[in-house]
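**Q** Once you've had a glance at the structure underneath, I'll fire off some questions.
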Amino acid sequence: MSLPYEKKRIPLAKQLRKDQTPWERKLWYDFLRACPCRFQRQKTIGPYIVDFYCHKAKLVVELDGGHHMEPERQDYDRRRTAYLEGLGLRVLRFSDLDVFRNFPGVCQVIIGSLPEGAVSEAD
């Protein structure tokens with residue numbers, strides 16, 4: 001099954017790849033880029049652009065900065081998560097602070113969310 005996307009969002013997704021936050025950069029270069037399951041950065045899915053997406057695991061990984069704590073943004077994030085889950089995707093959300101304070105723990109949660117056998121396939 002291919003995911004819906006809005007072609008008009010592709011230029012913004014490309015720009016977001018160039019302008020990654022420090023925490024997105026850390027997660028990408030220090031973990032996801034070499035992860036056993038292939039992840040994509042700034043993937044367009046429907047009307048949204050997700051931070052990281054693994055097709056094999058049907059997994060979205062989102063990093064949330066401080067502005068995600070604002071009530072309006074939390075409502076938006078809930079709607080966004082519901083949309084993605086409605087497509088059969090699992091959404092993991094971490095704060096930038098999680099990546100800063102507990103990077104190994106964040107990586108462990110992601111590894112634990114990958115399909116069985118995916119980790120050993122890379123060995």
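Scheme for the structure tokens: letters A, B, ... for chains in order shown; per-chain residue numbers from 1; ligand numbers from 1 in order shown.
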Tell me, counting only C-alpha atoms, for each residue of region 14-75 of chain A within 7 Å of region 92-100 of chain A, which pair of atoms is nearest and how far apart they are in Å to one decimal, in rows ordered by chain and increasing number, as CSV.

**A**
```
residue,atom,partner,partner_atom,distance
A:Trp23,CA,A:Asp96,CA,5.9
A:Val60,CA,A:Leu92,CA,6.1
A:Val61,CA,A:Leu92,CA,4.9
A:Glu62,CA,A:Arg93,CA,4.8
A:Leu63,CA,A:Phe94,CA,5.0
A:Asp64,CA,A:Ser95,CA,4.5
A:Gly65,CA,A:Asp96,CA,5.4
```

**Q** If you run DSSP on the backbone, which residues of chain A are strand (DSSP E or B), as a PyMOL selection string?

**A** chain A and resi 5+40-46+48-54+59-64+90-95

**Q** Which is closer to Pro47 (chain A) than all the others in A:Gly105, A:Lys18, A:Ile111, A:Tyr5, using only C-alpha atoms?

**A**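 Among the listed residues, A:Tyr5 lies closest to Pro47 (chain A).
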
**Q** Work out how far apart CA of Pro115 (chain A) and CA of Cys37 (chain A) are and give it in Å to one decimal.

**A** 8.6 Å

**Q** Mind pulling up the distance from CA of Trp28 (chain A) to CA of Arg90 (chain A)?

**A** 18.7 Å

**Q** For the structure I just gave you, how does DSSP split chain A - specifically, which residues are helix (DSSP H, G or I)? Reply as an NGL selection string.

**A** :A and (7-18 or 22-30 or 32-34 or 66-69 or 71-86 or 96-101 or 103-112 or 118-121)

**Q** Which neighbours of Cys107 (chain A) fall inside 10 Å, counting only C-alpha atoms, when residues of the same chain fewer than 3 positions from it are skipped, and could you give them as a list of chain:residue names?

**A** A:Leu27, A:Asp30, A:Phe31, A:Leu32, A:Cys35, A:Val99, A:Asn102, A:Phe103, A:Pro104, A:Ile110, A:Ile111, A:Gly112, A:Ser113

**Q** Keeping only N, CA and C atoms, write the selected residues as a PDB file, in the first residue's frame.

**A**
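The new file part34.pdb reads:
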```
ATOM      1  N   LEU A  27      19.769  12.495  15.945  1.00  0.00           N
ATOM      2  CA  LEU A  27      19.078  11.217  15.800  1.00  0.00           C
ATOM      3  C   LEU A  27      19.356  10.610  14.432  1.00  0.00           C
ATOM      4  N   ASP A  30      23.546   9.967  14.112  1.00  0.00           N
ATOM      5  CA  ASP A  30      24.114   9.088  15.120  1.00  0.00           C
ATOM      6  C   ASP A  30      23.340   7.792  15.303  1.00  0.00           C
ATOM      7  N   PHE A  31      22.202   7.633  14.605  1.00  0.00           N
ATOM      8  CA  PHE A  31      21.432   6.405  14.788  1.00  0.00           C
ATOM      9  C   PHE A  31      20.611   5.980  13.573  1.00  0.00           C
ATOM     10  N   LEU A  32      19.640   6.767  13.170  1.00  0.00           N
ATOM     11  CA  LEU A  32      18.684   6.308  12.158  1.00  0.00           C
ATOM     12  C   LEU A  32      19.297   6.066  10.783  1.00  0.00           C
ATOM     13  N   CYS A  35      20.466   2.648  10.832  1.00  0.00           N
ATOM     14  CA  CYS A  35      19.548   1.706  11.470  1.00  0.00           C
ATOM     15  C   CYS A  35      19.300   0.512  10.555  1.00  0.00           C
ATOM     16  N   VAL A  99      15.993  13.408  23.561  1.00  0.00           N
ATOM     17  CA  VAL A  99      17.180  13.105  22.750  1.00  0.00           C
ATOM     18  C   VAL A  99      18.428  13.638  23.444  1.00  0.00           C
ATOM     19  N   ASN A 102      18.557  11.509  27.133  1.00  0.00           N
ATOM     20  CA  ASN A 102      18.504  10.044  27.154  1.00  0.00           C
ATOM     21  C   ASN A 102      18.553   9.472  25.736  1.00  0.00           C
ATOM     22  N   PHE A 103      19.566   9.879  24.993  1.00  0.00           N
ATOM     23  CA  PHE A 103      19.689   9.421  23.610  1.00  0.00           C
ATOM     24  C   PHE A 103      19.686   7.892  23.498  1.00  0.00           C
ATOM     25  N   PRO A 104      20.448   7.162  24.317  1.00  0.00           N
ATOM     26  CA  PRO A 104      20.409   5.697  24.215  1.00  0.00           C
ATOM     27  C   PRO A 104      19.010   5.121  24.459  1.00  0.00           C
ATOM     28  N   ILE A 110      13.085   2.953  19.766  1.00  0.00           N
ATOM     29  CA  ILE A 110      12.923   2.819  18.310  1.00  0.00           C
ATOM     30  C   ILE A 110      13.276   1.404  17.873  1.00  0.00           C
ATOM     31  N   ILE A 111      14.398   0.878  18.338  1.00  0.00           N
ATOM     32  CA  ILE A 111      14.806  -0.496  17.988  1.00  0.00           C
ATOM     33  C   ILE A 111      13.720  -1.481  18.413  1.00  0.00           C
ATOM     34  N   GLY A 112      13.143  -1.274  19.588  1.00  0.00           N
ATOM     35  CA  GLY A 112      12.091  -2.161  20.077  1.00  0.00           C
ATOM     36  C   GLY A 112      10.814  -2.082  19.269  1.00  0.00           C
ATOM     37  N   SER A 113      10.676  -1.049  18.451  1.00  0.00           N
ATOM     38  CA  SER A 113       9.483  -0.875  17.625  1.00  0.00           C
ATOM     39  C   SER A 113       9.652  -1.408  16.204  1.00  0.00           C
TER      40      SER A 113
END
```

**Q** Which value, in Å to one decimal, gives the distance between CA of Arg41 (chain A) and CA of Glu116 (chain A)?

**A** 22.5 Å
